[in-house]
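The file data34.csv comes next; it holds CSV, C-alpha atoms and all ligand atoms.
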chain,number,residue,atom,x,y,z
A,27,MET,CA,96.6,83.4,144.0
A,28,LYS,CA,94.1,82.2,146.6
A,29,GLN,CA,91.4,84.6,147.8
A,30,LYS,CA,92.8,84.7,151.4
A,31,ASP,CA,96.3,85.3,150.2
A,32,LYS,CA,95.2,88.3,148.2
A,33,LYS,CA,94.2,90.1,151.4
A,34,LYS,CA,97.7,89.9,152.7
A,35,VAL,CA,99.1,91.9,149.8
A,36,LYS,CA,99.6,95.4,151.1
A,37,ARG,CA,98.8,98.3,148.8
A,38,TYR,CA,101.2,101.2,148.7
A,39,SER,CA,99.2,103.9,150.4
A,40,GLY,CA,101.6,106.9,150.3
A,41,ARG,CA,101.0,109.7,147.8
A,42,LEU,CA,103.4,110.5,145.0
A,43,LEU,CA,105.0,113.8,145.6
A,44,ASN,CA,107.0,116.1,143.5
A,45,ILE,CA,106.5,114.5,140.2
A,46,SER,CA,106.2,116.8,137.3
A,47,LEU,CA,104.1,115.7,134.4
A,48,PRO,CA,104.6,118.0,131.5
A,49,ASP,CA,102.3,118.5,128.6
A,50,LEU,CA,99.2,116.9,130.1
A,51,ASP,CA,96.9,119.5,128.9
A,52,ILE,CA,96.6,117.8,125.6
A,53,LEU,CA,95.4,114.7,127.3
A,54,ASP,CA,92.6,116.6,129.0
A,55,ASP,CA,91.6,118.3,125.8
A,56,ILE,CA,91.1,115.0,124.0
A,57,LYS,CA,90.0,112.8,126.8
A,58,ASP,CA,87.2,115.1,127.9
A,59,GLN,CA,85.6,115.2,124.6
A,60,ALA,CA,82.4,113.3,124.5
A,61,LEU,CA,83.4,111.5,121.3
A,62,TYR,CA,86.5,110.0,123.0
A,63,LYS,CA,84.6,109.0,126.0
A,64,THR,CA,82.0,107.1,124.0
A,65,ALA,CA,84.5,105.6,121.6
A,66,ARG,CA,85.0,101.8,121.5
A,67,ILE,CA,88.3,100.4,122.4
A,68,GLY,CA,89.2,99.6,118.8
A,69,LYS,CA,88.6,103.2,117.9
A,70,LYS,CA,90.6,104.5,120.9
A,71,SER,CA,93.6,102.7,119.7
A,72,LYS,CA,93.6,104.9,116.7
A,73,ILE,CA,93.9,108.1,118.7
A,74,SER,CA,97.4,108.9,119.8
A,75,PHE,CA,98.3,111.5,122.4
A,76,LYS,CA,102.0,111.6,121.5
A,77,THR,CA,103.4,114.9,120.2
A,78,GLY,CA,106.5,115.6,118.2
A,79,MET,CA,106.3,112.6,116.0
A,80,THR,CA,107.5,112.6,112.4
A,81,LEU,CA,105.3,110.1,110.6
A,82,ALA,CA,106.3,108.4,107.4
A,83,GLN,CA,104.1,105.9,105.5
A,84,GLY,CA,105.7,102.5,104.9
A,85,ARG,CA,104.9,98.9,104.3
A,86,ILE,CA,105.6,95.9,106.5
A,87,THR,CA,107.8,93.5,104.5
A,88,GLU,CA,108.6,90.9,107.2
A,89,ILE,CA,107.5,90.0,110.7
A,90,LYS,CA,110.5,89.2,113.0
A,91,SER,CA,108.6,88.5,116.1
A,92,ASN,CA,105.3,89.4,117.7
A,93,TYR,CA,106.3,93.0,118.1
A,94,LEU,CA,109.2,93.5,115.7
A,95,TYR,CA,108.7,94.3,112.1
A,96,ILE,CA,110.7,95.2,109.0
A,97,VAL,CA,109.2,98.3,107.4
A,98,GLU,CA,110.0,99.6,103.9
A,99,VAL,CA,109.9,103.4,103.5
A,100,ASP,CA,111.0,104.7,100.1
A,101,SER,CA,113.1,101.6,99.4
A,102,GLN,CA,114.8,101.9,102.8
A,103,PHE,CA,114.3,99.0,105.2
A,104,HIS,CA,113.9,99.7,109.0
A,105,THR,CA,113.5,97.5,112.0
A,106,ALA,CA,110.5,98.9,113.9
A,107,SER,CA,108.6,98.0,117.0
A,108,MET,CA,104.9,98.3,117.5
A,109,SER,CA,103.8,101.2,119.7
A,110,GLY,CA,102.5,100.3,123.1
A,111,ARG,CA,99.2,101.8,122.4
A,112,LEU,CA,98.6,99.4,119.4
A,113,LYS,CA,99.9,96.4,121.3
A,114,GLN,CA,97.4,97.2,124.0
A,115,PHE,CA,94.4,97.5,121.8
A,116,LEU,CA,95.1,95.2,118.9
A,117,TYR,CA,96.3,92.1,120.9
A,118,GLN,CA,92.9,90.4,120.5
A,119,SER,CA,93.4,90.2,116.7
A,120,HIS,CA,96.2,87.6,117.3
A,121,ALA,CA,98.5,89.2,114.8
A,122,LEU,CA,98.9,92.9,115.3
A,123,ALA,CA,99.8,93.4,111.7
A,124,ALA,CA,100.5,91.3,108.6
A,125,VAL,CA,103.1,91.4,105.9
A,126,GLY,CA,101.9,93.9,103.3
A,127,ASP,CA,100.1,96.2,105.8
A,128,THR,CA,100.6,99.9,105.2
A,129,VAL,CA,101.7,101.6,108.4
A,130,GLU,CA,102.6,105.0,109.7
A,131,LEU,CA,106.1,105.0,111.2
A,132,ASP,CA,107.4,107.5,113.7
A,133,THR,CA,110.9,108.3,112.6
A,134,SER,CA,111.6,111.1,115.0
A,135,ALA,CA,113.7,108.9,117.3
A,136,ALA,CA,115.7,107.1,114.6
A,137,PRO,CA,117.1,104.5,114.7
A,138,ASP,CA,114.3,103.6,117.1
A,139,TYR,CA,111.4,103.3,114.8
A,140,ARG,CA,107.9,102.8,116.0
A,141,ILE,CA,104.8,101.8,114.2
A,142,GLU,CA,102.1,104.3,115.3
A,143,ASN,CA,99.3,103.3,113.0
A,144,VAL,CA,98.2,100.3,110.9
A,145,LEU,CA,96.1,101.7,108.0
A,146,PRO,CA,92.9,99.9,106.9
A,147,ARG,CA,93.5,96.9,104.5
A,148,ARG,CA,92.4,96.8,100.9
A,149,ASN,CA,92.2,93.0,101.2
A,150,ALA,CA,93.9,90.1,103.0
A,151,LEU,CA,94.7,86.6,102.1
A,152,THR,CA,93.7,84.7,105.2
A,153,ARG,CA,93.6,81.1,106.3
A,154,TYR,CA,92.4,79.6,109.5
A,155,GLY,CA,93.9,77.1,112.0
A,156,SER,CA,92.2,73.7,112.2
A,157,GLY,CA,90.5,72.7,115.4
A,158,SER,CA,87.3,74.1,116.8
A,159,PHE,CA,88.8,77.5,117.7
A,160,GLN,CA,89.6,78.7,114.2
A,161,LYS,CA,92.5,81.1,114.7
A,162,GLN,CA,92.8,83.6,111.9
A,163,ILE,CA,96.2,83.6,110.1
A,164,VAL,CA,96.7,86.5,107.7
A,165,LEU,CA,99.2,85.5,105.1
A,166,ALA,CA,99.4,88.8,103.4
A,167,ALA,CA,97.6,92.1,103.2
A,168,ASN,CA,97.0,94.5,100.3
A,169,ILE,CA,97.9,92.2,97.4
A,170,ASP,CA,96.9,91.9,93.8
A,171,GLN,CA,97.0,88.2,93.1
A,172,VAL,CA,97.8,84.8,94.5
A,173,ILE,CA,100.0,82.5,92.6
A,174,ILE,CA,98.8,79.0,93.4
A,175,THR,CA,102.0,77.0,92.9
A,176,SER,CA,101.8,73.3,92.3
A,177,SER,CA,104.2,70.9,90.6
A,178,TRP,CA,103.4,68.3,88.0
A,179,ARG,CA,105.5,65.7,89.7
A,180,MET,CA,107.7,65.7,92.9
A,181,PRO,CA,105.4,66.3,94.6
A,182,ILE,CA,102.6,65.0,92.4
A,183,PHE,CA,99.9,67.4,91.1
A,184,LYS,CA,97.0,67.7,93.6
A,185,PRO,CA,94.1,69.7,92.2
A,186,GLY,CA,92.2,69.3,95.5
A,187,LEU,CA,94.5,71.9,97.2
A,188,ILE,CA,94.2,74.2,94.1
A,189,ASP,CA,90.4,74.1,94.5
A,190,ARG,CA,90.7,75.1,98.1
A,191,TYR,CA,92.9,78.0,97.3
A,192,LEU,CA,90.6,79.1,94.5
A,193,CYS,CA,87.7,79.1,96.9
A,194,ILE,CA,89.7,81.2,99.5
A,195,ALA,CA,90.8,83.7,96.8
A,196,ALA,CA,87.2,84.0,95.5
A,197,ILE,CA,85.8,84.6,98.9
A,198,GLN,CA,88.4,87.2,99.7
A,199,GLY,CA,88.1,88.8,96.3
A,200,ILE,CA,91.7,88.2,95.2
A,201,LYS,CA,92.6,87.2,91.6
A,202,ALA,CA,94.2,83.7,91.4
A,203,ILE,CA,96.7,82.3,88.9
A,204,ILE,CA,97.5,78.6,88.8
A,205,VAL,CA,101.2,77.7,88.1
A,206,ILE,CA,102.0,74.1,87.3
A,207,ASN,CA,105.8,73.9,87.8
A,208,LYS,CA,108.3,71.1,87.0
A,209,ILE,CA,106.6,70.6,83.6
A,210,ASP,CA,109.9,69.2,82.4
A,211,LEU,CA,108.8,66.0,84.3
A,212,LEU,CA,105.7,65.7,82.1
A,213,GLU,CA,105.4,62.6,80.0
A,214,ASP,CA,101.8,62.5,78.9
A,215,SER,CA,100.5,65.8,77.7
A,216,LYS,CA,97.0,64.4,77.4
A,217,GLU,CA,96.9,63.8,81.1
A,218,LEU,CA,97.9,67.4,81.8
A,219,GLU,CA,95.2,68.6,79.5
A,220,GLU,CA,92.6,66.4,81.2
A,221,GLN,CA,93.6,67.7,84.7
A,222,THR,CA,93.7,71.4,83.8
A,223,HIS,CA,91.2,72.3,81.0
A,224,TYR,CA,88.4,72.8,83.5
A,225,TYR,CA,90.2,75.7,85.1
A,226,ARG,CA,91.1,77.3,81.8
A,227,ASP,CA,87.5,76.8,80.6
A,228,ASN,CA,86.4,78.8,83.7
A,229,GLY,CA,88.6,81.7,83.0
A,230,ILE,CA,91.4,80.9,85.5
A,231,PRO,CA,94.9,81.4,84.0
A,232,VAL,CA,97.0,78.2,84.1
A,233,ILE,CA,100.7,78.5,83.4
A,234,CYS,CA,103.0,75.5,83.0
A,235,THR,CA,106.5,76.4,83.9
A,236,SER,CA,109.9,74.8,84.4
A,237,VAL,CA,113.0,76.4,85.8
A,238,VAL,CA,115.0,73.6,84.1
A,239,THR,CA,113.9,74.4,80.5
A,240,GLY,CA,112.6,77.9,81.1
A,241,GLN,CA,109.2,77.0,79.6
A,242,GLY,CA,106.5,79.4,80.5
A,243,MET,CA,108.8,81.8,82.4
A,244,ASP,CA,108.2,84.8,80.1
A,245,GLU,CA,104.5,84.3,80.3
A,246,LEU,CA,104.7,84.2,84.1
A,247,LYS,CA,106.9,87.3,84.3
A,248,GLU,CA,104.4,89.2,82.2
A,249,LEU,CA,101.6,88.4,84.7
A,250,LEU,CA,103.8,89.3,87.7
A,251,ALA,CA,105.1,92.7,86.4
A,252,ASN,CA,103.8,95.7,88.3
A,253,LYS,CA,101.6,93.6,90.6
A,254,ASP,CA,102.0,92.4,94.2
A,255,SER,CA,101.8,88.6,94.1
A,256,VAL,CA,101.8,85.9,96.8
A,257,PHE,CA,103.3,82.6,96.0
A,258,THR,CA,101.7,79.8,97.9
A,259,GLY,CA,101.4,76.0,97.7
A,260,HIS,CA,102.8,72.8,99.0
A,261,SER,CA,106.4,72.6,100.2
A,262,GLY,CA,108.8,71.6,97.4
A,263,THR,CA,106.7,72.7,94.4
A,264,GLY,CA,109.4,75.3,93.5
A,265,LYS,CA,108.1,78.6,94.7
A,266,SER,CA,111.5,79.9,95.7
A,267,SER,CA,113.1,78.3,92.6
A,268,LEU,CA,110.7,80.2,90.3
A,269,ILE,CA,111.4,83.5,92.1
A,270,ASN,CA,115.2,82.9,91.9
A,271,TYR,CA,114.9,82.2,88.1
A,272,LEU,CA,113.2,85.5,87.6
A,273,GLU,CA,115.3,87.4,90.0
A,274,PRO,CA,118.7,85.5,90.5
A,275,GLN,CA,120.2,88.1,92.8
A,276,LEU,CA,117.6,87.3,95.5
A,277,ASN,CA,119.2,83.9,95.8
A,278,LEU,CA,116.5,82.4,98.0
A,279,LEU,CA,117.1,79.2,99.7
A,280,THR,CA,115.8,76.0,98.0
A,281,ALA,CA,116.1,72.4,98.8
A,282,GLU,CA,115.6,69.0,97.1
A,283,VAL,CA,112.4,67.1,97.5
A,284,SER,CA,112.8,63.8,99.2
A,285,ASP,CA,112.7,60.9,96.7
A,286,SER,CA,110.9,58.4,98.9
A,287,ASN,CA,107.8,60.4,100.0
A,288,GLU,CA,107.9,63.3,97.5
A,289,LYS,CA,107.8,65.8,100.3
A,290,GLY,CA,109.4,69.2,100.4
A,291,LYS,CA,111.7,70.1,103.3
A,292,HIS,CA,109.9,73.3,104.3
A,293,THR,CA,112.8,75.3,103.2
A,294,THR,CA,111.2,78.7,103.3
A,295,THR,CA,110.3,79.6,106.8
A,296,GLN,CA,109.4,83.2,106.7
A,297,ALA,CA,107.1,85.2,104.5
A,298,VAL,CA,109.1,88.1,103.1
A,299,LEU,CA,107.8,90.8,100.8
A,300,LEU,CA,110.4,91.7,98.2
A,301,PRO,CA,110.5,94.0,95.2
A,302,TRP,CA,110.8,92.7,91.6
A,303,SER,CA,113.3,94.6,89.4
A,304,PHE,CA,110.5,94.7,86.8
A,305,GLY,CA,107.9,96.4,89.0
A,306,GLY,CA,105.6,95.1,91.8
A,307,HIS,CA,106.4,92.9,94.7
A,308,LEU,CA,106.5,89.2,95.5
A,309,LEU,CA,105.8,87.4,98.7
A,310,ASP,CA,107.4,83.9,99.0
A,311,THR,CA,105.7,81.9,101.7
A,312,PRO,CA,106.5,78.7,103.5
A,313,GLY,CA,104.8,75.6,101.9
A,314,ILE,CA,101.8,74.4,103.9
A,315,LYS,CA,100.2,70.9,104.1
A,316,THR,CA,96.6,71.8,104.1
A,317,ILE,CA,94.5,74.9,104.3
A,318,THR,CA,91.4,75.3,106.3
A,319,LEU,CA,88.6,77.6,105.5
A,320,HIS,CA,86.5,79.4,108.1
A,321,SER,CA,83.2,77.7,108.9
A,322,ASP,CA,81.4,81.0,108.3
A,323,ASP,CA,82.5,80.7,104.7
A,324,LYS,CA,80.7,77.4,104.2
A,325,ALA,CA,77.6,79.1,102.7
A,326,MET,CA,79.8,80.7,100.1
A,327,ILE,CA,81.4,77.5,98.8
A,328,PRO,CA,78.5,76.4,96.6
A,329,ARG,CA,78.7,79.7,94.9
A,330,VAL,CA,82.4,80.4,94.6
A,331,PHE,CA,83.7,76.9,93.8
A,332,PRO,CA,85.4,77.2,90.3
A,333,GLY,CA,82.8,76.9,87.6
A,334,PHE,CA,79.8,77.0,89.9
A,335,GLU,CA,79.1,80.8,89.8
A,336,SER,CA,77.2,80.7,86.6
A,337,LEU,CA,75.3,77.6,87.4
A,338,TYR,CA,74.2,78.5,90.9
A,339,ASP,CA,71.4,80.8,89.8
A,340,ASN,CA,69.9,77.9,87.8
A,341,CYS,CA,69.4,75.7,90.8
A,342,ARG,CA,65.9,75.4,92.0
A,343,PHE,CA,66.7,76.3,95.6
A,344,ARG,CA,68.5,79.5,96.5
A,345,ASP,CA,70.6,77.8,99.2
A,346,CYS,CA,71.3,74.7,97.1
A,347,SER,CA,74.3,72.7,98.3
A,348,HIS,CA,74.5,70.8,95.0
A,349,ASN,CA,74.3,67.5,97.0
A,350,HIS,CA,70.9,65.9,97.0
A,351,GLU,CA,68.6,68.7,95.9
A,352,GLU,CA,66.1,68.4,93.1
A,353,ASP,CA,66.7,70.4,89.9
A,354,CYS,CA,70.3,71.2,90.8
A,355,ALA,CA,72.1,72.8,87.9
A,356,VAL,CA,75.5,71.6,89.2
A,357,LEU,CA,74.4,68.0,89.5
A,358,GLN,CA,72.9,68.2,86.0
A,359,ALA,CA,76.1,69.7,84.6
A,360,MET,CA,78.1,66.9,86.1
A,361,GLU,CA,75.8,64.3,84.7
A,362,ALA,CA,76.1,65.9,81.3
A,363,GLY,CA,79.9,65.7,81.6
A,364,GLN,CA,80.4,69.5,81.8
A,365,ILE,CA,81.9,69.2,85.2
A,366,PRO,CA,84.5,66.5,85.7
A,367,GLU,CA,83.5,64.1,88.5
A,368,GLU,CA,86.8,64.7,90.2
A,369,ARG,CA,86.1,68.4,90.6
A,370,TYR,CA,82.6,67.7,91.9
A,371,TYR,CA,83.9,65.4,94.6
A,372,SER,CA,86.6,67.9,95.4
A,373,TYR,CA,83.8,70.4,96.0
A,374,LEU,CA,81.9,68.0,98.3
A,375,ASN,CA,85.1,67.4,100.2
A,376,ILE,CA,85.7,71.1,100.9
A,377,TYR,CA,82.0,71.7,101.6
A,378,GLU,CA,81.6,68.8,104.0
A,379,ASP,CA,84.9,69.5,105.8
A,380,LEU,CA,83.4,72.7,107.2
A,401,LIG,N1,112.7,69.2,87.7
A,401,LIG,C1,112.5,70.4,88.2
A,401,LIG,N2,112.8,70.6,89.5
A,401,LIG,C2,112.5,71.8,90.1
A,401,LIG,C3,111.8,72.8,89.3
A,401,LIG,N3,111.6,73.9,90.1
A,401,LIG,C4,112.2,73.6,91.3
A,401,LIG,N4,112.7,72.4,91.3
A,401,LIG,C5,113.4,71.7,92.4
A,401,LIG,O1,112.4,71.4,93.4
A,401,LIG,C6,113.0,71.5,94.7
A,401,LIG,C7,112.2,72.4,95.7
A,401,LIG,O2,112.2,73.7,95.2
A,401,LIG,P1,112.0,75.0,96.2
A,401,LIG,O3,112.1,76.2,95.4
A,401,LIG,O4,112.9,74.9,97.4
A,401,LIG,O5,110.5,74.7,96.7
A,401,LIG,P2,109.5,75.6,97.6
A,401,LIG,O6,108.2,75.6,97.0
A,401,LIG,O7,110.1,77.0,97.7
A,401,LIG,O8,109.5,74.8,98.9
A,401,LIG,P3,109.3,75.4,100.5
A,401,LIG,O9,110.1,76.6,100.7
A,401,LIG,O10,109.7,74.2,101.3
A,401,LIG,O11,107.8,75.7,100.6
A,401,LIG,C8,114.4,72.0,94.5
A,401,LIG,O12,115.3,70.9,94.5
A,401,LIG,C9,114.4,72.5,93.1
A,401,LIG,O13,115.6,72.4,92.4
A,401,LIG,C10,111.5,72.6,87.9
A,401,LIG,O14,110.9,73.4,87.2
A,401,LIG,N5,111.8,71.3,87.5
A,402,MG,MG,110.7,78.0,99.4
A,403,ZN,ZN,72.6,73.1,93.0
Turn this file's structure into structure tokens for me.
Amino acid sequence: MKQKDKKKVKRYSGRLLNISLPDLDILDDIKDQALYKTARIGKKSKISFKTGMTLAQGRITEIKSNYLYIVEVDSQFHTASMSGRLKQFLYQSHALAAVGDTVELDTSAAPDYRIENVLPRRNALTRYGSGSFQKQIVLAANIDQVIITSSWRMPIFKPGLIDRYLCIAAIQGIKAIIVINKIDLLEDSKELEEQTHYYRDNGIPVICTSVVTGQGMDELKELLANKDSVFTGHSGTGKSSLINYLEPQLNLLTAEVSDSNEKGKHTTTQAVLLPWSFGGHLLDTPGIKTITLHSDDKAMIPRVFPGFESLYDNCRFRDCSHNHEEDCAVLQAMEAGQIPEERYYSYLNIYEDL
């Protein structure tokens, strides 16, 4: 609206009469307190003036739209909306809440459920949009481990993406497990050993699985039991297939990988938190092409890249980027053959990308 047009808009000047506003004393009580007055907006969103609520604690299992969520309370699933107060104060965080968040649900007006509080997160698996404005995307909150799912062939094993995921997990303090699926397509076990021993040597579990032969499935199940795990990785690597194998009644949608370009069809489109019958939860997620780290995390990469933690302290410079510096323990380890060149260049690739 132009400035001069604005003047033409007439304000309603009458007074509102005969409106009864019950139960406003409580507002005065709280709003006059010095503590409320000086609180920051983020904090105010945590203070509710509603009365007569019945709050139940639950967990977000699925996000239907910006403001509509599925919340599990004692194994019952409810569709719930976000309270206006949270919408107003949390909108800057792009996503009001993430799958896995613990929330307080007002059940007093059932079946109209409302999320009245999002409780603080224990952790969050986060990635960032590419582009200069790095929008935060929370994949999951309050989880125990991330299952980095790759396939040996169809699509071909790409350790570079695994390295990225391992860095993200390390920065966010979440345990990571590497799954190499479709191991029935393996022809040369020496090649597999060459590509994976580095991770095992550095204490990262690597499990080779196949839903065709059942190889490795017991081992995988053991690691998943009684934990909350997020399955992530390229489209078509078999995330949904692995889950279906372990929990057939879930019957998740899967689709063949294209023969010509070895690309998955992005079959899973929603991240949904589901319970395992053997304890714990799973989160199947849509396959993604690449993952971007936040530029603020750049300084962490030389320290958290798999296998670098123990070497980092031996570099001469405290902020060594393991690139050109003198007396760099990582460069020395690579020259001595302790770090495969491929892993080192994968590190440089991630580091220089930021
Ligand atoms: N040979 C072989 N094929 C498999 C195996 N696991 C899955 N597949 C096939 O791989 C294709 C893709 O599997 P999905 O489970 O849909 O893959 P996804 O990772 O969930 O893919 P998105 O949902 O697109 O991210 C399907 O045709 C599966 O039958 C395996 O162990 N061996
Ligand atoms: Mg899937
Ligand atoms: Zn160094």
Nearby residues (all atoms listed in the file) at most 8 Å from region 225-231 of chain A, same-chain spacing under 6 positions excluded, as a PDB file with C-alpha atoms, in the frame of the given file:
ATOM      1  CA  ALA A 202      94.200  83.700  91.400  1.00  0.00           C
ATOM      2  CA  ILE A 203      96.700  82.300  88.900  1.00  0.00           C
ATOM      3  CA  ILE A 204      97.500  78.600  88.800  1.00  0.00           C
ATOM      4  CA  PRO A 332      85.400  77.200  90.300  1.00  0.00           C
ATOM      5  CA  GLY A 333      82.800  76.900  87.600  1.00  0.00           C
TER       6      GLY A 333
END
Task: Using all atoms listed in the file: which of A:Asp170, A:Asp322, A:Glu142, A:Glu219 has the shortest distance to Tyr154 (chain A) - done: A:Asp322
Task: Nearest-residue call for Ala325 (chain A), choices A:Leu380, A:Trp178, A:Glu351, A:Asp310, using all atoms listed in the file - done: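 For Ala325 (chain A), the nearest of the given residues is A:Leu380.
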Open item on the list: With distances taken over all atoms listed in the file, which residue among A:Asp345, A:Asp127, A:Glu282, A:Asp132 lies nearest ligand ZN 403 (chain A)?
Closed with: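 Among the listed residues, the smallest separation from ligand ZN 403 (chain A) belongs to A:Asp345.
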Open item on the list: Show me which residues are within 6 Å of ligand MG 402 (chain A) counting all atoms listed in the file, and format the list as a list in words.
Closed with: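 Counting only what the definition allows, namely all atoms listed in the file, the set is Lys265, Ser266, Thr280, Thr293, Thr294 and Pro312 of chain A.
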Proximity of chain A to ligand LIG 401 (chain A): per-residue shortest pair, 8 Å limit, all atoms listed in the file, as a Markdown table:
| residue | atom | partner | partner_atom | distance |
| --- | --- | --- | --- | --- |
| A:Thr175 | CA | A:LIG401 | O6 | 7.6 |
| A:Ser177 | CA | A:LIG401 | O14 | 7.9 |
| A:Met180 | CA | A:LIG401 | O1 | 7.4 |
| A:Asn207 | CA | A:LIG401 | O14 | 5.2 |
| A:Lys208 | CA | A:LIG401 | O14 | 3.5 |
| A:Ile209 | CA | A:LIG401 | O14 | 6.3 |
| A:Asp210 | CA | A:LIG401 | N5 | 5.8 |
| A:Leu211 | CA | A:LIG401 | N1 | 6.1 |
| A:Thr235 | CA | A:LIG401 | O14 | 6.3 |
| A:Ser236 | CA | A:LIG401 | O14 | 3.3 |
| A:Val237 | CA | A:LIG401 | O14 | 3.9 |
| A:Val238 | CA | A:LIG401 | O14 | 5.1 |
| A:Thr239 | CA | A:LIG401 | O14 | 7.4 |
| A:Gly240 | CA | A:LIG401 | O14 | 7.8 |
| A:Thr258 | CA | A:LIG401 | O6 | 7.8 |
| A:Gly259 | CA | A:LIG401 | O6 | 6.8 |
| A:His260 | CA | A:LIG401 | O11 | 6.0 |
| A:Ser261 | CA | A:LIG401 | O11 | 3.4 |
| A:Gly262 | CA | A:LIG401 | O8 | 3.6 |
| A:Thr263 | CA | A:LIG401 | O6 | 4.2 |
| A:Gly264 | CA | A:LIG401 | O3 | 3.4 |
| A:Lys265 | CA | A:LIG401 | O6 | 3.8 |
| A:Ser266 | CA | A:LIG401 | O3 | 3.8 |
| A:Ser267 | CA | A:LIG401 | O3 | 3.6 |
| A:Leu268 | CA | A:LIG401 | N3 | 6.4 |
| A:Leu279 | CA | A:LIG401 | O4 | 6.4 |
| A:Thr280 | CA | A:LIG401 | O4 | 3.2 |
| A:Ala281 | CA | A:LIG401 | O4 | 4.3 |
| A:Glu282 | CA | A:LIG401 | O12 | 3.2 |
| A:Val283 | CA | A:LIG401 | C6 | 5.2 |
| A:Gly290 | CA | A:LIG401 | O10 | 5.1 |
| A:Lys291 | CA | A:LIG401 | O10 | 5.0 |
| A:His292 | CA | A:LIG401 | O10 | 3.1 |
| A:Thr293 | CA | A:LIG401 | O10 | 3.8 |
| A:Thr294 | CA | A:LIG401 | O9 | 3.5 |
| A:Thr295 | CA | A:LIG401 | O9 | 6.8 |
| A:Asp310 | CA | A:LIG401 | O7 | 7.5 |
| A:Thr311 | CA | A:LIG401 | O11 | 6.6 |
| A:Pro312 | CA | A:LIG401 | O11 | 4.4 |
| A:Gly313 | CA | A:LIG401 | O11 | 3.3 |
| A:Ile314 | CA | A:LIG401 | O11 | 7.0 |
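For ligand ZN 403 (chain A), the neighbouring protein, DNA and RNA residues, which are those within 10 Å when all atoms listed in the file are counted, are A:Pro328, A:Arg329, A:Phe334, A:Leu337, A:Tyr338, A:Asp339, A:Asn340, A:Cys341, A:Arg342, A:Phe343, A:Arg344, A:Asp345, A:Cys346, A:Ser347, A:His348, A:Asn349, A:His350, A:Glu351, A:Glu352, A:Asp353, A:Cys354, A:Ala355, A:Val356, A:Leu357, A:Gln358, A:Ala359.
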Could you give me region 351-355 of chain A completed to all heavy atoms, formatted as a compact mmCIF listing (two decimals), in the coordinates of the input?
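Written output follows (result-v2.txt):
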# COMPACT_ATOMS: atom_id res chain seq x y z
N GLU A 351 69.75 67.97 96.30
CA GLU A 351 68.60 68.70 95.90
C GLU A 351 68.05 68.40 94.55
O GLU A 351 68.80 68.03 93.67
CB GLU A 351 68.89 70.25 96.01
CG GLU A 351 69.12 70.79 97.42
CD GLU A 351 70.59 70.72 97.86
OE1 GLU A 351 71.36 70.01 97.18
OE2 GLU A 351 70.94 71.36 98.86
N GLU A 352 66.74 68.59 94.40
CA GLU A 352 66.10 68.40 93.10
C GLU A 352 66.47 69.61 92.19
O GLU A 352 66.68 70.70 92.69
CB GLU A 352 64.61 68.35 93.22
CG GLU A 352 64.07 66.95 93.42
CD GLU A 352 62.58 67.00 93.68
OE1 GLU A 352 61.84 67.39 92.76
OE2 GLU A 352 62.18 66.70 94.82
N ASP A 353 66.45 69.38 90.90
CA ASP A 353 66.70 70.40 89.90
C ASP A 353 67.94 71.25 90.26
O ASP A 353 67.90 72.49 90.33
CB ASP A 353 65.49 71.40 89.84
CG ASP A 353 64.27 70.70 89.27
OD1 ASP A 353 64.48 69.75 88.49
OD2 ASP A 353 63.15 71.10 89.60
N CYS A 354 69.02 70.54 90.50
CA CYS A 354 70.30 71.20 90.80
C CYS A 354 71.10 71.33 89.52
O CYS A 354 71.41 70.33 88.87
CB CYS A 354 71.04 70.43 91.87
SG CYS A 354 72.76 70.96 92.02
N ALA A 355 71.43 72.56 89.16
CA ALA A 355 72.10 72.80 87.90
C ALA A 355 73.54 72.20 87.90
O ALA A 355 74.05 71.77 86.87
CB ALA A 355 72.21 74.30 87.62
